[in-house]
file data.cif (mmCIF, C-alpha atoms)
data_final
loop_
_atom_site.label_atom_id
_atom_site.label_comp_id
_atom_site.auth_asym_id
_atom_site.auth_seq_id
_atom_site.Cartn_x
_atom_site.Cartn_y
_atom_site.Cartn_z
CA MET A 1 98.94 153.01 112.46
CA ILE A 2 102.52 153.15 111.26
CA ASP A 3 104.88 151.91 113.96
CA ARG A 4 106.70 154.93 115.39
CA LYS A 5 109.74 152.74 116.09
CA TRP A 6 110.86 153.55 112.53
CA ILE A 7 111.60 157.18 113.42
CA GLY A 8 115.37 157.53 113.16
CA HIS A 9 115.73 154.44 110.96
CA GLU A 10 118.44 154.72 108.31
CA LEU A 11 117.66 153.31 104.88
CA PRO A 12 120.28 151.47 102.81
CA ALA A 13 122.34 153.68 100.50
CA SER A 14 121.22 154.06 96.87
CA VAL A 15 123.88 154.55 94.20
CA LEU A 16 122.81 156.43 91.07
CA PRO A 17 125.30 156.76 88.22
CA ILE A 18 124.43 159.89 86.21
CA GLU A 19 124.17 158.62 82.64
CA ARG A 20 123.70 160.64 79.47
CA THR A 21 120.97 158.54 77.86
CA ARG A 22 118.96 158.52 81.09
CA LEU A 23 119.11 162.31 81.35
CA GLN A 24 118.08 162.61 77.69
CA PHE A 25 115.15 160.30 78.40
CA PHE A 26 114.22 162.40 81.45
CA ALA A 27 114.32 165.55 79.30
CA LYS A 28 112.01 163.91 76.77
CA ALA A 29 109.61 162.72 79.47
CA THR A 30 109.39 166.16 81.07
CA GLY A 31 109.09 168.08 77.78
CA GLN A 32 112.40 169.83 78.39
CA PRO A 33 113.46 171.59 75.16
CA ASP A 34 116.57 173.32 76.60
CA PRO A 35 119.65 171.87 74.81
CA VAL A 36 121.69 172.16 78.03
CA TYR A 37 119.82 169.04 79.19
CA VAL A 38 120.21 166.95 76.03
CA ASP A 39 123.31 168.13 74.14
CA ALA A 40 126.71 167.73 75.83
CA ASP A 41 128.20 170.57 73.75
CA ALA A 42 125.44 172.95 74.88
CA ALA A 43 126.00 171.84 78.48
CA ARG A 44 129.74 172.54 78.18
CA ALA A 45 129.03 175.93 76.64
CA ALA A 46 126.89 176.65 79.72
CA GLY A 47 129.80 175.79 82.00
CA TYR A 48 129.01 172.20 82.96
CA PRO A 49 131.48 169.34 82.26
CA ASP A 50 128.60 167.39 80.64
CA LEU A 51 124.81 167.25 80.87
CA PRO A 52 123.68 168.32 84.36
CA ALA A 53 121.12 166.23 86.23
CA PRO A 54 118.03 168.49 86.30
CA PRO A 55 116.78 169.87 89.63
CA THR A 56 114.49 166.99 90.59
CA PHE A 57 116.40 164.12 89.01
CA LEU A 58 118.13 162.80 92.15
CA PHE A 59 114.74 161.64 93.40
CA ALA A 60 115.31 158.72 91.01
CA ALA A 61 118.08 157.23 93.17
CA GLU A 62 115.78 155.54 95.65
CA MET A 63 113.29 154.66 92.92
CA ASP A 64 115.89 152.80 90.87
CA SER A 65 117.36 151.05 93.90
CA GLY A 66 113.93 150.08 95.20
CA VAL A 67 114.79 151.54 98.63
CA ALA A 68 111.75 153.85 98.54
CA PHE A 69 109.39 150.96 97.83
CA ARG A 70 111.02 148.62 100.38
CA MET A 71 110.59 151.35 102.98
CA LEU A 72 106.83 151.31 102.34
CA ASP A 73 106.82 147.52 102.71
CA ASP A 74 108.78 147.74 105.98
CA LEU A 75 106.41 150.38 107.35
CA LYS A 76 103.46 148.25 106.16
CA ILE A 77 102.09 151.11 104.05
CA PRO A 78 100.17 149.89 100.98
CA ILE A 79 101.56 151.77 98.00
CA ALA A 80 98.03 152.46 96.74
CA LYS A 81 97.40 154.59 99.84
CA VAL A 82 100.44 156.81 99.46
CA LEU A 83 100.48 160.32 98.10
CA HIS A 84 103.46 162.63 97.84
CA GLY A 85 102.82 165.56 100.16
CA GLU A 86 105.91 167.72 99.96
CA GLN A 87 109.33 167.67 98.37
CA ASN A 88 112.34 169.84 99.15
CA PHE A 89 115.78 170.12 97.61
CA ILE A 90 118.77 172.10 98.85
CA TYR A 91 121.52 172.26 96.23
CA HIS A 92 125.22 172.33 97.01
CA LYS A 93 126.99 171.17 93.85
CA PRO A 94 125.88 170.14 90.36
CA ALA A 95 125.75 166.45 89.47
CA CYS A 96 126.66 165.81 85.85
CA VAL A 97 127.07 162.88 83.48
CA GLY A 98 130.02 160.83 84.72
CA ASP A 99 129.28 161.50 88.39
CA THR A 100 128.02 158.78 90.68
CA VAL A 101 125.64 160.01 93.35
CA THR A 102 124.92 158.12 96.54
CA VAL A 103 121.73 158.94 98.45
CA ARG A 104 121.44 158.04 102.12
CA SER A 105 118.13 158.63 103.87
CA THR A 106 116.76 158.62 107.36
CA ILE A 107 113.12 158.40 108.40
CA SER A 108 113.13 161.61 110.40
CA ASP A 109 109.50 161.75 111.53
CA ILE A 110 106.16 159.97 111.50
CA TYR A 111 103.02 161.75 112.66
CA ASP A 112 99.28 161.80 112.05
CA LYS A 113 96.47 164.30 111.57
CA LYS A 114 92.70 164.10 111.62
CA ASN A 115 92.68 161.47 114.40
CA GLY A 116 94.91 159.15 112.42
CA ALA A 117 92.99 159.35 109.14
CA LEU A 118 96.14 160.75 107.59
CA GLU A 119 99.62 159.67 108.54
CA PHE A 120 102.79 161.39 107.40
CA VAL A 121 106.27 159.96 106.92
CA VAL A 122 109.16 162.41 106.62
CA LYS A 123 112.34 161.17 104.95
CA THR A 124 115.48 163.29 104.83
CA SER A 125 118.36 162.45 102.53
CA ARG A 126 121.90 163.47 101.73
CA ALA A 127 123.21 163.02 98.21
CA THR A 128 126.99 162.87 97.81
CA ASN A 129 129.18 162.37 94.75
CA GLN A 130 132.07 159.98 94.12
CA HIS A 131 134.46 162.45 95.81
CA GLY A 132 132.38 162.44 98.97
CA GLU A 133 131.18 166.00 98.30
CA LEU A 134 127.66 166.96 99.29
CA VAL A 135 125.59 167.46 96.12
CA ALA A 136 122.14 168.02 97.56
CA GLU A 137 119.89 167.49 100.54
CA LEU A 138 116.40 166.14 99.96
CA ARG A 139 113.32 165.97 102.14
CA SER A 140 110.14 164.10 101.25
CA VAL A 141 106.83 164.03 103.05
CA LEU A 142 104.67 161.05 102.15
CA VAL A 143 101.00 160.99 103.07
CA CYS A 144 99.24 157.73 103.88
CA ARG A 145 95.45 157.92 103.47
CA HIS A 146 93.58 155.51 105.76
CA MET B 1 110.95 193.58 78.59
CA GLY B 2 107.83 194.03 80.68
CA LEU B 3 107.18 193.15 84.26
CA THR B 4 105.35 190.03 83.25
CA ASP B 5 108.03 188.67 80.95
CA MET B 6 111.32 188.93 82.72
CA GLN B 7 114.18 186.74 81.56
CA ALA B 8 117.98 186.93 81.80
CA ALA B 9 117.73 187.77 85.46
CA GLU B 10 120.08 190.28 87.00
CA TYR B 11 119.66 191.19 90.61
CA ALA B 12 119.69 194.97 90.17
CA ASN B 13 116.91 194.88 87.58
CA ILE B 14 114.59 192.56 89.40
CA GLN B 15 111.50 193.91 91.08
CA VAL B 16 109.47 192.17 93.74
CA GLY B 17 106.17 191.17 92.16
CA ALA B 18 107.66 190.52 88.75
CA MET B 19 106.71 187.25 87.13
CA LEU B 20 108.80 184.61 85.42
CA ARG B 21 107.78 183.61 81.91
CA ALA B 22 105.14 180.93 82.49
CA ILE B 23 105.39 177.42 81.07
CA ASP B 24 102.35 175.77 79.52
CA VAL B 25 102.50 172.00 79.38
CA PRO B 26 100.46 169.95 76.86
CA PRO B 27 97.48 168.01 78.30
CA VAL B 28 98.54 165.08 80.47
CA ASP B 29 97.98 161.78 78.70
CA ARG B 30 98.84 158.15 79.41
CA GLY B 31 101.90 158.31 77.19
CA THR B 32 103.32 161.19 79.24
CA LEU B 33 102.90 159.16 82.41
CA ALA B 34 104.47 156.04 80.89
CA LEU B 35 107.50 157.99 79.74
CA PHE B 36 107.88 159.70 83.10
CA ALA B 37 107.56 156.39 84.95
CA GLY B 38 110.49 155.06 82.94
CA ALA B 39 112.61 158.19 83.12
CA SER B 40 112.06 158.88 86.82
CA GLY B 41 112.23 155.27 87.96
CA ASP B 42 108.83 155.61 89.65
CA HIS B 43 107.11 152.47 88.38
CA ASN B 44 104.17 152.69 90.79
CA LEU B 45 101.40 151.20 88.66
CA ILE B 46 98.79 153.59 90.08
CA HIS B 47 100.13 156.06 87.47
CA LEU B 48 100.07 153.54 84.61
CA ASP B 49 97.34 150.92 85.00
CA ILE B 50 93.70 152.01 85.28
CA ASP B 51 92.79 148.75 87.08
CA VAL B 52 95.36 149.44 89.80
CA ALA B 53 94.18 153.06 90.05
CA ARG B 54 90.53 151.99 90.41
CA ARG B 55 91.35 149.43 93.08
CA ALA B 56 92.94 152.33 94.97
CA GLY B 57 89.70 154.29 94.71
CA MET B 58 90.83 156.64 91.95
CA PRO B 59 88.75 157.17 88.80
CA ASP B 60 91.77 156.68 86.55
CA VAL B 61 95.54 156.94 86.47
CA PHE B 62 96.96 160.35 87.41
CA ALA B 63 100.22 162.23 87.17
CA HIS B 64 103.22 161.64 89.41
CA GLY B 65 103.73 164.60 91.74
CA MET B 66 107.36 164.66 90.71
CA LEU B 67 106.36 165.18 87.07
CA GLY B 68 104.72 168.45 88.06
CA MET B 69 107.77 169.40 90.10
CA ALA B 70 109.98 168.66 87.08
CA TRP B 71 107.85 171.05 85.00
CA ILE B 72 108.28 173.75 87.64
CA GLY B 73 112.00 172.97 87.52
CA ARG B 74 111.90 173.84 83.81
CA LEU B 75 110.30 177.17 84.69
CA LEU B 76 113.21 177.91 87.04
CA THR B 77 116.04 176.77 84.75
CA ASP B 78 114.50 178.73 81.86
CA TRP B 79 114.80 181.81 84.03
CA ALA B 80 118.21 181.32 85.63
CA PRO B 81 120.98 178.76 85.16
CA GLN B 82 120.52 175.67 87.29
CA SER B 83 123.89 176.29 88.95
CA ALA B 84 122.25 179.34 90.61
CA LEU B 85 119.43 177.31 92.14
CA ARG B 86 119.90 176.99 95.90
CA ARG B 87 116.59 175.64 97.18
CA PHE B 88 113.46 174.21 95.58
CA ASP B 89 110.50 173.38 97.81
CA VAL B 90 107.00 172.28 96.83
CA ARG B 91 103.80 171.10 98.41
CA PHE B 92 101.53 168.89 96.33
CA GLN B 93 98.00 170.22 96.85
CA GLY B 94 95.89 168.38 94.34
CA ILE B 95 96.02 165.48 91.96
CA THR B 96 96.85 166.27 88.34
CA HIS B 97 94.43 164.27 86.22
CA LEU B 98 94.52 163.08 82.61
CA GLY B 99 93.56 165.93 80.32
CA ASN B 100 94.78 168.59 82.73
CA THR B 101 96.74 171.33 81.04
CA ILE B 102 99.21 172.66 83.56
CA ARG B 103 100.59 176.16 83.63
CA CYS B 104 103.65 176.71 85.82
CA SER B 105 104.22 180.23 87.02
CA GLY B 106 106.56 182.05 89.35
CA THR B 107 106.59 185.41 91.09
CA ILE B 108 109.47 187.24 92.73
CA LEU B 109 108.54 187.43 96.41
CA GLU B 110 111.66 188.90 97.95
CA LYS B 111 115.22 190.04 97.29
CA LEU B 112 117.54 189.00 100.07
CA GLU B 113 121.08 188.11 101.08
CA MET B 114 121.62 184.48 102.00
CA GLY B 115 124.94 182.82 102.75
CA GLY B 116 126.81 185.86 101.41
CA GLU B 117 124.94 185.75 98.11
CA ARG B 118 122.33 188.03 96.64
CA CYS B 119 119.27 185.88 96.11
CA VAL B 120 115.65 186.07 95.15
CA ARG B 121 112.86 184.07 96.70
CA ILE B 122 110.37 182.96 94.06
CA GLY B 123 106.80 181.85 94.72
CA LEU B 124 105.81 178.90 92.54
CA ASN B 125 102.47 177.63 91.33
CA ALA B 126 101.20 174.92 89.01
CA ALA B 127 97.52 175.05 88.11
CA ASN B 128 95.28 173.37 85.55
CA GLN B 129 93.09 174.98 82.89
CA TYR B 130 90.27 175.41 85.43
CA GLY B 131 92.48 177.44 87.72
CA GLN B 132 92.75 174.64 90.27
CA THR B 133 96.10 174.79 92.01
CA LYS B 134 97.98 171.49 91.99
CA ILE B 135 101.37 172.47 93.37
CA VAL B 136 102.63 175.46 95.34
CA GLY B 137 106.18 176.13 96.34
CA GLU B 138 109.17 178.38 96.64
CA ALA B 139 112.64 178.53 95.21
CA LEU B 140 115.76 180.41 96.21
CA VAL B 141 117.98 181.51 93.32
CA ALA B 142 121.34 183.29 93.61
CA LEU B 143 121.93 186.10 91.13
CA ARG B 144 124.81 188.23 89.95
#
call {"tool": "encode", "arguments": {"input": "data.cif", "output": "structure tokens"}}
result
Amino acid sequence: MIDRKWIGHELPASVLPIERTRLQFFAKATGQPDPVYVDADAARAAGYPDLPAPPTFLFAAEMDSGVAFRMLDDLKIPIAKVLHGEQNFIYHKPACVGDTVTVRSTISDIYDKKNGALEFVVKTSRATNQHGELVAELRSVLVCRH
Amino acid sequence: MGLTDMQAAEYANIQVGAMLRAIDVPPVDRGTLALFAGASGDHNLIHLDIDVARRAGMPDVFAHGMLGMAWIGRLLTDWAPQSALRRFDVRFQGITHLGNTIRCSGTILEKLEMGGERCVRIGLNAANQYGQTKIVGEALVALR
């Protein structure tokens, strides 16, 4: 049983600088052939100041910082039992190379199904840029298999 | 341009039921997962080390859910510029295993006004070569 006291808990902020080589690596890893995601000139021609972070990239913020993994430790959830159940993004503003994005998350819910055989942790996040502007909202549902 | 191959989206020309040009991804292999672990920052060894995967009760390593979502993201940004993407929601329904060949597809579900913008709601699906659905979802895209 995951302790329900964690509902409402705020996780430490994660700061993710958007870097060109990292986005190029992400494009390679996801088989992305579109030059907008690898070539700064193509990105500028498409109206971005530089390479844009692709739609799912901001998920990396709490991976890089380790916040996502420390949360599992705090909640005493073995990582081997976790599956990703759902993921949502709401987009407000592009994040491009040169921006620094800060992700702040709250554990918004914990519940179970099948008499506790499955437990769910819902994490909601706000991603802002270096100007304090809202870039995106994220929501993750993690499933813990018992 | 047929109903099943609709690119360069403009609101007036879009019909509910039309499909986005599907994306076919090469078979998932260990190299793909290693690269995605590095690029995404998700270093969970269950996706990289067969011993760790087996201790967790899995037959072998398997794909990160977010890798599949990134592929669906490619489907969307191939169809419309990313700056037009308003929402992107998925539910992970099944594990994507080594050797799975994933096809990402999208269907226009609805034309609607949202926040003063003309938008389309797109139904999303990622399935393997056996027709087993791995990811379902929806996106909201604003159009001119």
call {"tool": "axis_aligned_box", "arguments": {"input": "data.cif", "around": "region 60-70 of chain B", "padding_each_side": "8 Å", "output": "lines of an AutoDock Vina configuration file"}}
result
center_x = 100.9
center_y = 163.0
center_z = 89.1
size_x = 34.2
size_y = 28.7
size_z = 21.3
call {"tool": "interface_residues", "arguments": {"input": "data.cif", "of": "chain A", "to": "chain B", "cutoff": "7 Å", "atoms": "all atoms listed in the file", "output": "tab-separated table (two decimals) with C-alpha atoms, keeping the file's coordinate frame"}}
result
chain	number	residue	atom	x	y	z
A	22	ARG	CA	118.96	158.52	81.09
A	25	PHE	CA	115.15	160.30	78.40
A	26	PHE	CA	114.22	162.40	81.45
A	29	ALA	CA	109.61	162.72	79.47
A	30	THR	CA	109.39	166.16	81.07
A	32	GLN	CA	112.40	169.83	78.39
A	55	PRO	CA	116.78	169.87	89.63
A	56	THR	CA	114.49	166.99	90.59
A	60	ALA	CA	115.31	158.72	91.01
A	63	MET	CA	113.29	154.66	92.92
A	64	ASP	CA	115.89	152.80	90.87
A	80	ALA	CA	98.03	152.46	96.74
A	81	LYS	CA	97.40	154.59	99.84
A	84	HIS	CA	103.46	162.63	97.84
A	85	GLY	CA	102.82	165.56	100.16
A	86	GLU	CA	105.91	167.72	99.96
A	87	GLN	CA	109.33	167.67	98.37
A	88	ASN	CA	112.34	169.84	99.15
A	89	PHE	CA	115.78	170.12	97.61
A	90	ILE	CA	118.77	172.10	98.85
A	91	TYR	CA	121.52	172.26	96.23
A	94	PRO	CA	125.88	170.14	90.36
call {"tool": "resolve_selection", "arguments": {"input": "data.cif", "expression": "the PyMOL selection byres ((chain A and resi 77) around 12)", "output": "list in words"}}
result
Met1, Ile2, Asp3, Ala68, Phe69, Arg70, Met71, Leu72, Asp73, Asp74, Leu75, Lys76, Pro78, Ile79, Ala80, Lys81, Val82, Leu83, Leu118, Glu119, Phe120, Val121, Leu142, Val143, Cys144, Arg145 and His146 of chain A
call {"tool": "atom_distance", "arguments": {"input": "data.cif", "atom1": "CA of Lys5 (chain A)", "atom2": "CA of Leu58 (chain A)"}}
result
27.3 Å
call {"tool": "resolve_selection", "arguments": {"input": "data.cif", "expression": "the PyMOL selection byres ((chain B and resi 97-103) around 7)", "output": "VMD selection string"}}
result
chain B and resid 22 to 29 62 to 63 95 to 96 104 to 105 126 to 129
call {"tool": "resolve_selection", "arguments": {"input": "data.cif", "expression": "the PyMOL selection byres ((chain B and resi 144) around 6)", "output": "list of chain:residue names"}}
result
B:Glu10, B:Tyr11, B:Leu143
call {"tool": "atom_distance", "arguments": {"input": "data.cif", "atom1": "CA of His47 (chain B)", "atom2": "CA of Pro59 (chain B)"}}
result
11.5 Å
call {"tool": "atom_distance", "arguments": {"input": "data.cif", "atom1": "CA of His9 (chain A)", "atom2": "CA of Val67 (chain A)"}}
result
12.7 Å
call {"tool": "closest_residue", "arguments": {"input": "data.cif", "among": "B:Leu124, B:Arg30, B:Ile14, B:Asp60", "to": "Lys111 (chain B)", "atoms": "only C-alpha atoms"}}
result
B:Ile14
call {"tool": "residues_around", "arguments": {"input": "data.cif", "residues": "region 47-51 of chain A", "least_positions_apart": "3", "cutoff": "6 Å", "atoms": "all atoms listed in the file", "output": "ChimeraX atom specification"}}
result
/A:37,40,43-44,96-97
call {"tool": "residues_around", "arguments": {"input": "data.cif", "residues": "Val15 (chain A)", "least_positions_apart": "5", "cutoff": "10 Å", "atoms": "all atoms listed in the file", "output": "list in words"}}
result
Ala61, Glu62, Asp64, Ser65, Thr100, Val101, Thr102, Val103, Arg104, Ala127, Thr128, Asn129 and Gln130 of chain A
call {"tool": "write_last_selection", "arguments": {"input": "data.cif", "atoms": "C-alpha atoms", "output": "JSON list (two decimals), keeping the file's coordinate frame"}}
result
[["chain", "number", "residue", "atom", "x", "y", "z"],
["A", 61, "ALA", "CA", 118.08, 157.23, 93.17],
["A", 62, "GLU", "CA", 115.78, 155.54, 95.65],
["A", 64, "ASP", "CA", 115.89, 152.80, 90.87],
["A", 65, "SER", "CA", 117.36, 151.05, 93.90],
["A", 100, "THR", "CA", 128.02, 158.78, 90.68],
["A", 101, "VAL", "CA", 125.64, 160.01, 93.35],
["A", 102, "THR", "CA", 124.92, 158.12, 96.54],
["A", 103, "VAL", "CA", 121.73, 158.94, 98.45],
["A", 104, "ARG", "CA", 121.44, 158.04, 102.12],
["A", 127, "ALA", "CA", 123.21, 163.02, 98.21],
["A", 128, "THR", "CA", 126.99, 162.87, 97.81],
["A", 129, "ASN", "CA", 129.18, 162.37, 94.75],
["A", 130, "GLN", "CA", 132.07, 159.98, 94.12]]
call {"tool": "closest_residue", "arguments": {"input": "data.cif", "among": "B:Ala80, B:Val120, B:Val141, B:Val61", "to": "Gln15 (chain B)", "atoms": "only C-alpha atoms"}}
result
B:Val120
